[in-house]
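Engineer: For reference, the file query_37.cif (mmCIF, C-alpha atoms) is included below:
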data_my_file
loop_
_atom_site.group_PDB
_atom_site.id
_atom_site.type_symbol
_atom_site.label_atom_id
_atom_site.label_comp_id
_atom_site.auth_asym_id
_atom_site.auth_seq_id
_atom_site.Cartn_x
_atom_site.Cartn_y
_atom_site.Cartn_z
ATOM 1 C CA MET A 1 -5.760 -6.205 8.967
ATOM 2 C CA LEU A 2 -6.413 -4.724 5.534
ATOM 3 C CA PHE A 3 -9.298 -3.053 3.689
ATOM 4 C CA ASP A 4 -11.413 -4.863 1.118
ATOM 5 C CA VAL A 5 -12.260 -3.073 -2.149
ATOM 6 C CA LYS A 6 -15.451 -1.689 -0.609
ATOM 7 C CA GLY A 7 -13.522 0.041 2.188
ATOM 8 C CA ARG A 8 -14.428 -2.402 4.980
ATOM 9 C CA PHE A 9 -11.908 -3.938 7.364
ATOM 10 C CA LEU A 10 -10.739 -7.365 6.263
ATOM 11 C CA ILE A 11 -8.982 -9.895 8.470
ATOM 12 C CA HIS A 12 -6.284 -11.514 6.371
ATOM 13 C CA ARG A 13 -4.174 -14.510 7.440
ATOM 14 C CA ILE A 14 -0.424 -14.258 6.955
ATOM 15 C CA LYS A 15 2.368 -16.830 7.066
ATOM 16 C CA LYS A 16 5.012 -17.037 9.778
ATOM 17 C CA GLU A 17 7.697 -15.539 7.508
ATOM 18 C CA GLU A 18 5.478 -12.532 6.760
ATOM 19 C CA ALA A 19 4.760 -12.020 10.467
ATOM 20 C CA ALA A 20 8.464 -11.331 11.111
ATOM 21 C CA TYR A 21 8.424 -7.952 9.343
ATOM 22 C CA LYS A 22 6.191 -4.935 8.920
ATOM 23 C CA LEU A 23 5.793 -2.386 6.135
ATOM 24 C CA CYS A 24 6.000 1.193 7.424
ATOM 25 C CA VAL A 25 5.516 4.440 5.507
ATOM 26 C CA VAL A 26 8.114 7.184 6.006
ATOM 27 C CA LYS A 27 6.324 10.300 7.265
ATOM 28 C CA LYS A 28 9.265 12.524 8.182
ATOM 29 C CA LEU A 29 13.038 12.721 7.866
ATOM 30 C CA SER A 30 14.986 14.950 10.231
ATOM 31 C CA THR A 31 18.053 15.182 12.406
ATOM 32 C CA ALA A 32 18.059 14.566 16.132
ATOM 33 C CA ALA A 33 20.496 15.818 18.763
ATOM 34 C CA LYS A 34 24.152 15.942 17.672
ATOM 35 C CA GLY A 35 23.128 15.722 13.995
ATOM 36 C CA ILE A 36 21.966 12.090 14.042
ATOM 37 C CA PRO A 37 19.653 11.459 11.053
ATOM 38 C CA VAL A 38 16.302 9.925 12.025
ATOM 39 C CA LEU A 39 13.315 8.603 10.117
ATOM 40 C CA ILE A 40 9.769 8.710 11.542
ATOM 41 C CA THR A 41 7.201 6.190 10.315
ATOM 42 C CA HIS A 42 3.407 6.302 10.092
ATOM 43 C CA ASP A 43 3.041 4.308 13.326
ATOM 44 C CA GLY A 44 5.292 6.639 15.357
ATOM 45 C CA ARG A 45 8.541 4.652 15.274
ATOM 46 C CA THR A 46 11.779 6.625 15.199
ATOM 47 C CA ILE A 47 14.643 4.888 13.421
ATOM 48 C CA ARG A 48 18.165 6.270 13.753
ATOM 49 C CA TYR A 49 20.686 6.229 10.898
ATOM 50 C CA PRO A 50 18.279 5.229 8.079
ATOM 51 C CA ASP A 51 19.360 4.455 4.529
ATOM 52 C CA PRO A 52 20.114 7.794 2.804
ATOM 53 C CA ASP A 53 17.997 6.682 -0.187
ATOM 54 C CA CYS A 54 14.823 6.612 1.961
ATOM 55 C CA LYS A 55 12.606 9.642 1.354
ATOM 56 C CA VAL A 56 9.205 10.804 2.594
ATOM 57 C CA HIS A 57 6.289 8.628 1.263
ATOM 58 C CA ASP A 58 8.615 5.644 0.656
ATOM 59 C CA THR A 59 7.875 2.339 2.376
ATOM 60 C CA ILE A 60 10.400 0.503 4.528
ATOM 61 C CA LYS A 61 10.455 -3.187 5.405
ATOM 62 C CA LEU A 62 11.081 -3.228 9.148
ATOM 63 C CA ASP A 63 12.243 -6.284 11.092
ATOM 64 C CA ILE A 64 9.938 -6.425 14.133
ATOM 65 C CA GLU A 65 12.425 -8.182 16.442
ATOM 66 C CA SER A 66 15.461 -5.985 15.889
ATOM 67 C CA GLY A 67 13.776 -2.779 14.687
ATOM 68 C CA LYS A 68 16.191 -2.546 11.746
ATOM 69 C CA ILE A 69 15.344 -1.602 8.163
ATOM 70 C CA LEU A 70 15.628 -4.644 5.871
ATOM 71 C CA ASP A 71 14.776 -2.933 2.576
ATOM 72 C CA HIS A 72 12.771 -0.019 1.168
ATOM 73 C CA ILE A 73 10.427 0.733 -1.731
ATOM 74 C CA LYS A 74 10.633 4.078 -3.504
ATOM 75 C CA PHE A 75 7.436 5.997 -4.169
ATOM 76 C CA GLU A 76 7.794 6.124 -7.937
ATOM 77 C CA PRO A 77 5.860 5.129 -11.065
ATOM 78 C CA GLY A 78 5.969 1.428 -11.845
ATOM 79 C CA ASN A 79 5.722 0.218 -8.229
ATOM 80 C CA LEU A 80 2.748 -1.621 -6.742
ATOM 81 C CA ALA A 81 0.629 0.475 -4.363
ATOM 82 C CA TYR A 82 -2.189 -0.065 -1.862
ATOM 83 C CA ILE A 83 -4.887 2.585 -1.371
ATOM 84 C CA THR A 84 -5.812 3.220 2.288
ATOM 85 C CA GLY A 85 -8.402 5.972 2.084
ATOM 86 C CA GLY A 86 -10.955 7.744 -0.061
ATOM 87 C CA GLN A 87 -13.365 6.312 -2.603
ATOM 88 C CA ASN A 88 -10.783 3.762 -3.840
ATOM 89 C CA CYS A 89 -9.907 2.380 -0.391
ATOM 90 C CA GLY A 90 -8.636 -1.218 -0.550
ATOM 91 C CA ARG A 91 -7.696 -1.170 -4.211
ATOM 92 C CA ILE A 92 -4.254 -2.266 -5.407
ATOM 93 C CA GLY A 93 -2.479 -1.199 -8.579
ATOM 94 C CA ILE A 94 0.629 0.134 -10.276
ATOM 95 C CA ILE A 95 1.499 3.817 -9.800
ATOM 96 C CA THR A 96 1.409 5.453 -13.246
ATOM 97 C CA HIS A 97 2.222 9.057 -12.364
ATOM 98 C CA LYS A 98 2.002 11.757 -9.707
ATOM 99 C CA GLU A 99 0.595 15.265 -10.214
ATOM 100 C CA LYS A 100 1.883 18.096 -8.048
ATOM 101 C CA HIS A 101 -0.652 20.774 -7.114
ATOM 102 C CA PRO A 102 1.020 23.580 -5.108
ATOM 103 C CA GLY A 103 -1.265 24.765 -2.321
ATOM 104 C CA SER A 104 -3.549 21.766 -2.681
ATOM 105 C CA PHE A 105 -3.404 17.970 -2.532
ATOM 106 C CA ASP A 106 -0.994 16.060 -4.775
ATOM 107 C CA ILE A 107 -2.794 13.463 -6.909
ATOM 108 C CA VAL A 108 -1.507 9.966 -7.724
ATOM 109 C CA HIS A 109 -2.811 8.014 -10.713
ATOM 110 C CA VAL A 110 -2.948 4.229 -10.316
ATOM 111 C CA LYS A 111 -3.833 1.426 -12.750
ATOM 112 C CA ASP A 112 -5.028 -1.943 -11.431
ATOM 113 C CA SER A 113 -4.252 -5.378 -12.902
ATOM 114 C CA VAL A 114 -7.440 -5.410 -15.002
ATOM 115 C CA GLY A 115 -6.596 -2.063 -16.609
ATOM 116 C CA HIS A 116 -8.960 0.269 -14.731
ATOM 117 C CA SER A 117 -7.319 3.615 -13.925
ATOM 118 C CA PHE A 118 -8.190 5.757 -10.917
ATOM 119 C CA ALA A 119 -6.756 8.693 -9.028
ATOM 120 C CA THR A 120 -6.459 9.504 -5.324
ATOM 121 C CA ARG A 121 -4.627 11.799 -2.934
ATOM 122 C CA LEU A 122 -0.956 11.162 -2.237
ATOM 123 C CA SER A 123 -1.649 10.620 1.479
ATOM 124 C CA ASN A 124 -3.907 7.630 0.652
ATOM 125 C CA VAL A 125 -1.241 5.650 -1.255
ATOM 126 C CA ILE A 126 1.253 3.176 0.232
ATOM 127 C CA PRO A 127 3.817 1.415 -1.992
ATOM 128 C CA ILE A 128 3.713 -2.320 -1.178
ATOM 129 C CA GLY A 129 5.996 -3.807 -3.822
ATOM 130 C CA LYS A 130 8.729 -3.214 -6.354
ATOM 131 C CA GLY A 131 7.386 -3.564 -9.871
ATOM 132 C CA LYS A 132 4.434 -5.954 -9.889
ATOM 133 C CA GLN A 133 5.765 -8.131 -7.035
ATOM 134 C CA ALA A 134 4.028 -7.432 -3.688
ATOM 135 C CA TRP A 135 5.941 -7.728 -0.396
ATOM 136 C CA ILE A 136 2.772 -8.731 1.458
ATOM 137 C CA SER A 137 0.264 -11.442 0.670
ATOM 138 C CA LEU A 138 -2.783 -9.987 -1.041
ATOM 139 C CA PRO A 139 -6.393 -10.748 -0.102
ATOM 140 C CA ARG A 140 -8.836 -12.587 -2.343
ATOM 141 C CA GLY A 141 -9.557 -10.547 -5.473
ATOM 142 C CA LYS A 142 -6.056 -8.976 -5.413
ATOM 143 C CA GLY A 143 -7.502 -5.512 -4.729
ATOM 144 C CA VAL A 144 -9.446 -5.270 -7.991
ATOM 145 C CA ARG A 145 -12.881 -3.644 -7.724
ATOM 146 C CA GLN A 146 -15.467 -5.205 -9.988
ATOM 147 C CA ARG A 147 -18.100 -3.153 -11.740
ATOM 148 C CA ILE A 148 -21.696 -3.623 -10.549
ATOM 149 C CA ALA A 149 -22.627 -5.796 -13.544
ATOM 150 C CA GLU A 150 -19.498 -7.970 -13.134
ATOM 151 C CA GLU A 151 -20.225 -8.499 -9.445
ATOM 152 C CA ARG A 152 -23.857 -9.408 -10.181
ATOM 153 C CA ASP A 153 -22.800 -11.938 -12.841
ATOM 154 C CA ARG A 154 -20.284 -13.502 -10.440
ATOM 155 C CA LYS A 155 -22.951 -13.884 -7.717
ATOM 156 C CA LEU A 156 -25.502 -15.361 -10.161
ATOM 157 C CA ALA A 157 -22.912 -17.851 -11.446
ATOM 158 C CA ALA A 158 -22.116 -18.910 -7.857
ATOM 159 C CA LYS A 159 -25.829 -19.395 -7.109
ATOM 160 C CA ALA A 160 -26.321 -21.435 -10.273
ATOM 161 C CA LYS A 161 -23.351 -23.582 -9.326
ATOM 162 C CA GLU A 162 -24.910 -24.351 -5.903
ATOM 163 C CA MET A 163 -28.172 -25.586 -7.448
#
Is it possible to give me this structure as structure tokens?

Structural biologist:
Amino acid sequence: MLFDVKGRFLIHRIKKEEAAYKLCVVKKLSTAAKGIPVLITHDGRTIRYPDPDCKVHDTIKLDIESGKILDHIKFEPGNLAYITGGQNCGRIGIITHKEKHPGSFDIVHVKDSVGHSFATRLSNVIPIGKGKQAWISLPRGKGVRQRIAEERDRKLAAKAKEM
């Protein structure tokens, strides 16, 4: 279940290989009893002894059967990201840079594959791939929002094709 570029829920089919793992965002790193390091994900999972390179806001690739971390994506410029909230919900692009605003919300600037740049809050961004390669299959349109005129032209061309 994903969001389309207009912020609506979108049911998206996945392959059997992709159904074996899940991408989880790291929400908190701490130590449990007896100093055991633990990682807490966005869906409430607690994973003991995580990779020391994993930090808050990174994404981990979690094997559903075993509950083990297969790999992780750093939250850094140059990685592919998926927007899960705000005005840009459902859009996909490359993280260009992050602005820190003490006492307020940190802002992340993202550029999509067409070249449109947009900004959103840090809490709305999930890294989904290293570089330009996504770890999940992307929905139709690849998370690119079309301008109103572009969308109208696409619909008119489809209607003309039907006739």

Engineer: Which residues, named as in the file, does the PyMOL selection byres ((chain A and resi 50-53) around 10) pick out? Answer as a VMD selection string.

Structural biologist: chain A and resid 29 36 to 40 46 to 49 54 to 55 58 60 68 to 74

Engineer: Using Å and a single decimal, report how far atom CA of Ala20 of chain A sits from atom CA of Arg45 of chain A.

Structural biologist: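 Result for atom CA of Arg45 of chain A versus atom CA of Ala20 of chain A: 16.5 Å, one decimal.
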
Engineer: Using only C-alpha atoms, find each residue of segment 20-101 of chain A with at least one atom at most 10 Å away from an atom of segment 129-135 of chain A; report its shortest atom-to-atom pair and that distance in Å (one decimal), sort the rows by chain and rising residue number, and return the result as a Markdown table.

Structural biologist:
| residue | atom | partner | partner_atom | distance |
| --- | --- | --- | --- | --- |
| A:Lys22 | CA | A:Trp135 | CA | 9.7 |
| A:Leu23 | CA | A:Trp135 | CA | 8.4 |
| A:Thr59 | CA | A:Gly129 | CA | 8.9 |
| A:Lys61 | CA | A:Trp135 | CA | 8.6 |
| A:His72 | CA | A:Lys130 | CA | 9.1 |
| A:Ile73 | CA | A:Lys130 | CA | 6.3 |
| A:Lys74 | CA | A:Lys130 | CA | 8.1 |
| A:Phe75 | CA | A:Lys130 | CA | 9.6 |
| A:Glu76 | CA | A:Lys130 | CA | 9.5 |
| A:Pro77 | CA | A:Gly131 | CA | 8.9 |
| A:Gly78 | CA | A:Gly131 | CA | 5.6 |
| A:Asn79 | CA | A:Gly131 | CA | 4.4 |
| A:Leu80 | CA | A:Gly129 | CA | 4.9 |
| A:Ala81 | CA | A:Gly129 | CA | 6.9 |
| A:Tyr82 | CA | A:Gly129 | CA | 9.2 |
| A:Ile92 | CA | A:Ala134 | CA | 9.9 |
| A:Gly93 | CA | A:Lys132 | CA | 8.5 |
| A:Ile94 | CA | A:Lys132 | CA | 7.2 |
| A:Ile95 | CA | A:Gly131 | CA | 9.4 |

Engineer: Assuming the chain letters and numbering stay as they are in my file, what does the PyMOL selection byres ((chain A and resi 85) around 9) actually select? List them as an mmCIF file with C-alpha atoms, keeping the file's coordinate frame.

Structural biologist:
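New file expr06.cif:
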data_model
loop_
_atom_site.group_PDB
_atom_site.id
_atom_site.type_symbol
_atom_site.label_atom_id
_atom_site.label_comp_id
_atom_site.auth_asym_id
_atom_site.auth_seq_id
_atom_site.Cartn_x
_atom_site.Cartn_y
_atom_site.Cartn_z
ATOM 1 C CA GLY A 7 -13.522 0.041 2.188
ATOM 2 C CA ILE A 83 -4.887 2.585 -1.371
ATOM 3 C CA THR A 84 -5.812 3.220 2.288
ATOM 4 C CA GLY A 86 -10.955 7.744 -0.061
ATOM 5 C CA GLN A 87 -13.365 6.312 -2.603
ATOM 6 C CA ASN A 88 -10.783 3.762 -3.840
ATOM 7 C CA CYS A 89 -9.907 2.380 -0.391
ATOM 8 C CA GLY A 90 -8.636 -1.218 -0.550
ATOM 9 C CA THR A 120 -6.459 9.504 -5.324
ATOM 10 C CA ARG A 121 -4.627 11.799 -2.934
ATOM 11 C CA SER A 123 -1.649 10.620 1.479
ATOM 12 C CA ASN A 124 -3.907 7.630 0.652
ATOM 13 C CA VAL A 125 -1.241 5.650 -1.255
#

Engineer: Identify which of the residues A:Ile128, A:Leu122, A:Val5, A:Val56 lies closest to Ile107 of chain A, counting all atoms listed in the file when measuring atom-to-atom distances.

Structural biologist: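 For Ile107 of chain A, the nearest of the candidates is A:Leu122.
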
Engineer: Taking every listed atom of segment 147-161 of chain A and adding 4 Å to each side, what centre and edge lengths in Å (one decimal) does the axis-aligned box have, as JSON?

Structural biologist:
{"center_x": -22.2, "center_y": -13.4, "center_z": -10.3, "size_x": 16.2, "size_y": 28.4, "size_z": 14.4}

Engineer: Using all atoms listed in the file, which residue out of A:Tyr21, A:Phe118, A:Phe3, A:Phe9 lies closest to Lys98 of chain A?

Structural biologist: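 For Lys98 of chain A, the nearest of the given residues is A:Phe118.
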
Engineer: What do you get, as a compact mmCIF listing (two decimals) with C-alpha atoms, in the coordinates of the input, if you spell out every residue that the PyMOL selection byres ((chain A and resi 115) around 12) selects here?

Structural biologist:
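Resulting contents of selection_23.txt:
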# COMPACT_ATOMS: atom_id res chain seq x y z
CA ILE A 92 -4.25 -2.27 -5.41
CA GLY A 93 -2.48 -1.20 -8.58
CA ILE A 94 0.63 0.13 -10.28
CA THR A 96 1.41 5.45 -13.25
CA VAL A 110 -2.95 4.23 -10.32
CA LYS A 111 -3.83 1.43 -12.75
CA ASP A 112 -5.03 -1.94 -11.43
CA SER A 113 -4.25 -5.38 -12.90
CA VAL A 114 -7.44 -5.41 -15.00
CA HIS A 116 -8.96 0.27 -14.73
CA SER A 117 -7.32 3.62 -13.92
CA PHE A 118 -8.19 5.76 -10.92
CA VAL A 144 -9.45 -5.27 -7.99
CA ARG A 145 -12.88 -3.64 -7.72
CA GLN A 146 -15.47 -5.20 -9.99

Engineer: Atom CA of His42 of chain A and atom CA of Lys27 of chain A, how far apart in Å?

Structural biologist: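 One can read the atom CA of Lys27 of chain A to atom CA of His42 of chain A distance as 5.7 Å.
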
Engineer: One decimal, Å: what's the distance from atom CA of Arg140 of chain A over to atom CA of Ile11 of chain A, could you say?

Structural biologist: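 Going from atom CA of Arg140 of chain A over to atom CA of Ile11 of chain A, I get 11.1 Å.
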